[in-house]
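Here is the structure we will look at, set down as structure tokens.
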Amino acid sequence: MADRKPIESWLTDMDGVLIHEGVPIPGADAFLKKLRESGRPFLVLTNNSIYTQRDLHARLQRMGLDVPMENIWTSALATAQFLDDQRPGGSAYVIGEAGLTTALHDIGYVLTDHDPDFVILGETRTYSFEAMTKAVRLINDGARFIATNPDNVGPSAEGALPATGSVAALITAATGRKPYFIGKPNPLMMRAGLNAIGAHSETSAMIGDRMDTDVLAGLEAGMRTFLVLTGVTQAKDIDRYPFRASHVVDSIANLVERI
């Protein structure tokens with residue numbers, strides 16, 4: 001596919017693009033270093049809502065990857081921004097961890113289980129039956145249902161874990177109410193991220209390892225898209241999808257010279 005305007009801003013997924021199972025993917029450090037040196041706006045994105053920007057900055061730094069906090073964008077931050085736009089100063093019952101609760105506190109939300117405006121479901125390693133039951137009852141009583149992302153499973157050293165999408169399906173089955181998902185592939189997360197760094201979709205690119213989230217979100221946000229083959233989607237899977245990435249490359253190392 002012929003390039004349109006030159007790429008001036010870069011958005012990249014984290015897991016499967018920059019790191020894999022806690023280890024940097026070869027070329028990730030060179031890519032980030034060149035981005036920082038170029039002065040081009042960029043964001044590292046993740047659908048995971050567990051960690052704050054500070055947490056992720058520290059985790060990446062321990063792996064040898066230097067990403068400033070302001071260049072990290074999570075589904076928790078996108079969720080908080082969405083709620084601040086929709087219902088400023090509202091209240092929510094939250095199933096999630098510090099990444100989500102901190103983002104909501106920062107916009108002045110009250111976290112409560114008493115007649116909240118929203119039930120917000122995020123990622124956690126300790127989903128409890130009691131919390132899910134509370135969420136079901138609050139939604140049945142009229143709370144609006146929001147979920148940070150639609151991912152059904154998440155990675156761990158021991159194997160796949162049920163993630164936000166799976167638990168959302170359980171709550172939907174119990175209430176008949178589907179959540180509004182904020183994270184990828186919702187282009188809302190991408191557009192909010194672009195706005196955060198003052199970038200425009202026509203001159204921005206999205207790098208991801210999944211056709212069904214990263215590439216789809218970038219496509220729907222009007223961005224150039226790069227699929228790397230170091231994560232979930234493999235070359236043999238590409239033709240299963242009715243849409244295409246702008247470019248397919250082996251890894252992030254192939255994109256260093258594009259900056």
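Labels used: A, B, ... for chains in the order of the structure tokens, numbers from 1 for residues in each chain, and numbers from 1 for ligands as shown.
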_Give me, as a list in words, the residues of stretch 2-36 of chain A that a backbone DSSP run labels alpha helix (DSSP H)._
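These are the residues in question: Ala28, Asp29, Ala30, Phe31, Leu32, Lys33, Lys34, Leu35 and Arg36 of chain A.
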Convert the current residue selection to file output with C-alpha atoms, as a CSV table (one decimal), in the first residue's frame.
```
chain,number,residue,atom,x,y,z
A,28,ALA,CA,12.5,-2.6,20.9
A,29,ASP,CA,15.2,-0.7,22.7
A,30,ALA,CA,16.6,0.7,19.4
A,31,PHE,CA,13.1,1.7,18.2
A,32,LEU,CA,12.2,3.5,21.4
A,33,LYS,CA,15.7,5.2,21.6
A,34,LYS,CA,15.3,6.5,18.0
A,35,LEU,CA,11.7,7.7,18.8
A,36,ARG,CA,13.0,9.7,21.8
```
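Using only C-alpha atoms, the residues found no farther than 7 Å from A:Ala253, other than those of its own chain fewer than 2 positions away, are Pro26, Gly27, Ala28, Phe31, Ser251, Leu255 and Val256 of chain A.
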Go ahead and write the selection's residues with N, CA and C atoms as a PDB file, in the first residue's frame.
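Here's the written file again.pdb:
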```pdb
ATOM      1  N   PRO A  26      13.874  -8.204  20.587  1.00  0.00           N
ATOM      2  CA  PRO A  26      15.031  -7.570  19.942  1.00  0.00           C
ATOM      3  C   PRO A  26      14.605  -6.433  19.004  1.00  0.00           C
ATOM      4  N   GLY A  27      15.248  -5.298  19.188  1.00  0.00           N
ATOM      5  CA  GLY A  27      14.934  -4.122  18.386  1.00  0.00           C
ATOM      6  C   GLY A  27      14.055  -3.120  19.108  1.00  0.00           C
ATOM      7  N   ALA A  28      13.387  -3.542  20.177  1.00  0.00           N
ATOM      8  CA  ALA A  28      12.478  -2.636  20.894  1.00  0.00           C
ATOM      9  C   ALA A  28      13.239  -1.455  21.501  1.00  0.00           C
ATOM     10  N   PHE A  31      14.254   0.946  18.756  1.00  0.00           N
ATOM     11  CA  PHE A  31      13.084   1.661  18.235  1.00  0.00           C
ATOM     12  C   PHE A  31      12.704   2.802  19.173  1.00  0.00           C
ATOM     13  N   SER A 251       9.208  -7.929  12.801  1.00  0.00           N
ATOM     14  CA  SER A 251       9.285  -7.467  14.184  1.00  0.00           C
ATOM     15  C   SER A 251       9.501  -5.958  14.219  1.00  0.00           C
ATOM     16  N   LEU A 255      11.270  -1.694  11.875  1.00  0.00           N
ATOM     17  CA  LEU A 255      10.679  -0.361  11.768  1.00  0.00           C
ATOM     18  C   LEU A 255      11.595   0.745  12.287  1.00  0.00           C
ATOM     19  N   VAL A 256      12.749   0.388  12.814  1.00  0.00           N
ATOM     20  CA  VAL A 256      13.649   1.398  13.366  1.00  0.00           C
ATOM     21  C   VAL A 256      14.008   2.433  12.299  1.00  0.00           C
TER      22      VAL A 256
END
```
*asked:* I want to know what sits within 12 Å of A:Thr133, based on only C-alpha atoms, with residues of the same chain fewer than 4 positions away left out; could you give that as an MDAnalysis selection string?
replied: chainID A and resid 93 95 113 119 127:129 137:140 167 170:172 174:175
*asked:* Among stretch 28-121 of chain A, which residues does DSSP mark as strand (DSSP E) when it is run on the backbone? Keep the chain and numbering as in the structure and answer as a PyMOL selection string.
replied: chain A and resi 42-46+72-74+91-95+110-111+118-121
Produce a file of the selected residues containing N, CA and C atoms, as a compact mmCIF listing (two decimals), in the first residue's frame.
```
# COMPACT_ATOMS: atom_id res chain seq x y z
N PHE A 42 4.91 10.04 20.47
CA PHE A 42 4.63 8.59 20.44
C PHE A 42 3.94 8.17 21.73
N LEU A 43 3.27 7.05 21.63
CA LEU A 43 2.61 6.44 22.78
C LEU A 43 2.81 4.94 22.76
N VAL A 44 3.01 4.37 23.94
CA VAL A 44 2.96 2.92 24.13
C VAL A 44 1.61 2.61 24.76
N LEU A 45 0.83 1.77 24.11
CA LEU A 45 -0.53 1.48 24.55
C LEU A 45 -0.66 0.08 25.11
N THR A 46 -1.59 -0.07 26.03
CA THR A 46 -1.95 -1.40 26.52
C THR A 46 -3.42 -1.44 26.92
N ILE A 72 2.85 6.75 27.97
CA ILE A 72 2.15 5.48 28.21
C ILE A 72 0.65 5.77 28.27
N TRP A 73 -0.13 4.98 27.55
CA TRP A 73 -1.57 5.17 27.48
C TRP A 73 -2.26 3.83 27.70
N THR A 74 -3.11 3.75 28.71
CA THR A 74 -3.76 2.49 29.08
C THR A 74 -5.28 2.58 28.90
N SER A 91 -19.95 8.81 39.95
CA SER A 91 -19.59 7.78 40.93
C SER A 91 -19.59 6.42 40.24
N ALA A 92 -18.83 5.50 40.82
CA ALA A 92 -18.69 4.20 40.18
C ALA A 92 -18.37 3.12 41.20
N TYR A 93 -18.91 1.93 40.92
CA TYR A 93 -18.48 0.72 41.60
C TYR A 93 -17.46 0.06 40.69
N VAL A 94 -16.27 -0.20 41.21
CA VAL A 94 -15.16 -0.63 40.37
C VAL A 94 -14.68 -2.02 40.75
N ILE A 95 -14.54 -2.87 39.75
CA ILE A 95 -13.82 -4.13 39.91
C ILE A 95 -12.52 -3.95 39.12
N VAL A 110 -16.09 9.42 42.63
CA VAL A 110 -16.31 8.77 43.92
C VAL A 110 -16.51 7.29 43.68
N LEU A 111 -15.73 6.46 44.37
CA LEU A 111 -15.85 5.01 44.23
C LEU A 111 -16.73 4.50 45.36
N PHE A 118 -22.11 4.25 37.52
CA PHE A 118 -21.53 3.23 36.65
C PHE A 118 -21.03 2.04 37.45
N VAL A 119 -21.08 0.87 36.83
CA VAL A 119 -20.27 -0.27 37.24
C VAL A 119 -19.15 -0.36 36.21
N ILE A 120 -17.90 -0.32 36.69
CA ILE A 120 -16.76 -0.35 35.78
C ILE A 120 -15.94 -1.60 36.06
N LEU A 121 -15.82 -2.41 35.02
CA LEU A 121 -15.09 -3.67 35.12
C LEU A 121 -13.73 -3.53 34.44
```
_Non-local contacts of A:Gly22 (12 Å; only C-alpha atoms; under 5 positions in same chain excluded) as a PyMOL selection string_ = chain A and resi 14-17+56+59-65+155-157
Save out the residues we just selected, C-alpha atoms, as a short mmCIF file (atom, residue, chain, number, x, y, z; two decimals), in the first residue's frame.
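Output (again26.cif):
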```
data_model
loop_
_atom_site.label_atom_id
_atom_site.label_comp_id
_atom_site.auth_asym_id
_atom_site.auth_seq_id
_atom_site.Cartn_x
_atom_site.Cartn_y
_atom_site.Cartn_z
CA MET A 14 3.28 -3.17 24.32
CA ASP A 15 2.85 -6.95 24.79
CA GLY A 16 3.85 -8.86 21.67
CA VAL A 17 5.47 -5.79 20.08
CA LEU A 56 4.46 0.52 33.71
CA ARG A 59 8.43 -2.27 34.83
CA LEU A 60 9.66 -1.37 31.35
CA GLN A 61 12.72 0.37 32.79
CA ARG A 62 13.66 -2.80 34.68
CA MET A 63 13.62 -4.57 31.29
CA GLY A 64 15.93 -1.95 29.82
CA LEU A 65 13.22 -0.05 27.93
CA PRO A 155 -1.07 -13.98 29.57
CA SER A 156 0.76 -15.32 32.59
CA ALA A 157 3.81 -17.47 33.21
#
```
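With only C-alpha atoms as the atoms that count, the residue of A:Asn48, A:Asn254, A:Thr79, A:Thr233 with the shortest distance to A:Val153 is A:Asn48.
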*In terms of the shortest atom-to-atom distance over only C-alpha atoms, which of A:Asp117, A:Asp250, A:Glu130, A:Asp13 is closest to A:Phe145?*
A:Asp117
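By chain and then residue number, the residues within 8 Å of stretch 3-9 of chain A are Met1, Leu11, Arg40, Pro41, Phe42, Ala199, His200, Glu202, Thr203, Ser204, Ala205 and Ile259 of chain A, counting only C-alpha atoms and disregarding those fewer than 2 positions away in sequence.
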Got time to write the residues from that selection, N, CA and C atoms, as an mmCIF file, in the first residue's frame?
```
data_model
loop_
_atom_site.group_PDB
_atom_site.id
_atom_site.type_symbol
_atom_site.label_atom_id
_atom_site.label_comp_id
_atom_site.auth_asym_id
_atom_site.auth_seq_id
_atom_site.Cartn_x
_atom_site.Cartn_y
_atom_site.Cartn_z
ATOM 1 N N MET A 1 0.849 -1.198 0.000
ATOM 2 C CA MET A 1 0.000 0.000 0.000
ATOM 3 C C MET A 1 0.883 1.246 0.000
ATOM 4 N N LEU A 11 2.126 5.139 17.436
ATOM 5 C CA LEU A 11 1.493 4.463 18.556
ATOM 6 C C LEU A 11 1.860 2.995 18.445
ATOM 7 N N ARG A 40 9.697 12.914 17.845
ATOM 8 C CA ARG A 40 8.356 12.679 17.316
ATOM 9 C C ARG A 40 7.417 12.242 18.443
ATOM 10 N N PRO A 41 6.165 12.685 18.417
ATOM 11 C CA PRO A 41 5.200 12.233 19.426
ATOM 12 C C PRO A 41 4.995 10.715 19.319
ATOM 13 N N PHE A 42 4.907 10.036 20.469
ATOM 14 C CA PHE A 42 4.629 8.593 20.436
ATOM 15 C C PHE A 42 3.945 8.165 21.727
ATOM 16 N N ALA A 199 -1.473 14.605 18.104
ATOM 17 C CA ALA A 199 -1.205 13.998 16.803
ATOM 18 C C ALA A 199 -2.481 13.888 15.981
ATOM 19 N N HIS A 200 -2.309 13.659 14.686
ATOM 20 C CA HIS A 200 -3.442 13.520 13.781
ATOM 21 C C HIS A 200 -3.379 12.150 13.121
ATOM 22 N N GLU A 202 -4.064 11.099 10.192
ATOM 23 C CA GLU A 202 -3.546 11.032 8.828
ATOM 24 C C GLU A 202 -2.026 10.915 8.777
ATOM 25 N N THR A 203 -1.356 11.358 9.837
ATOM 26 C CA THR A 203 0.102 11.303 9.857
ATOM 27 C C THR A 203 0.611 10.428 11.006
ATOM 28 N N SER A 204 -0.215 9.472 11.431
ATOM 29 C CA SER A 204 0.155 8.594 12.548
ATOM 30 C C SER A 204 0.066 7.137 12.135
ATOM 31 N N ALA A 205 0.833 6.309 12.831
ATOM 32 C CA ALA A 205 0.830 4.874 12.566
ATOM 33 C C ALA A 205 0.618 4.107 13.854
ATOM 34 N N ILE A 259 11.598 5.545 11.219
ATOM 35 C CA ILE A 259 11.408 6.756 12.021
ATOM 36 C C ILE A 259 12.212 7.912 11.426
#
```
_Spatial neighbours of A:Lys184, max dist 8 Å, only C-alpha atoms, sep filter under 3 positions, as JSON, numbers by chain_ = {"A": [47, 75, 149, 150, 187, 189, 190, 213, 214, 217]}
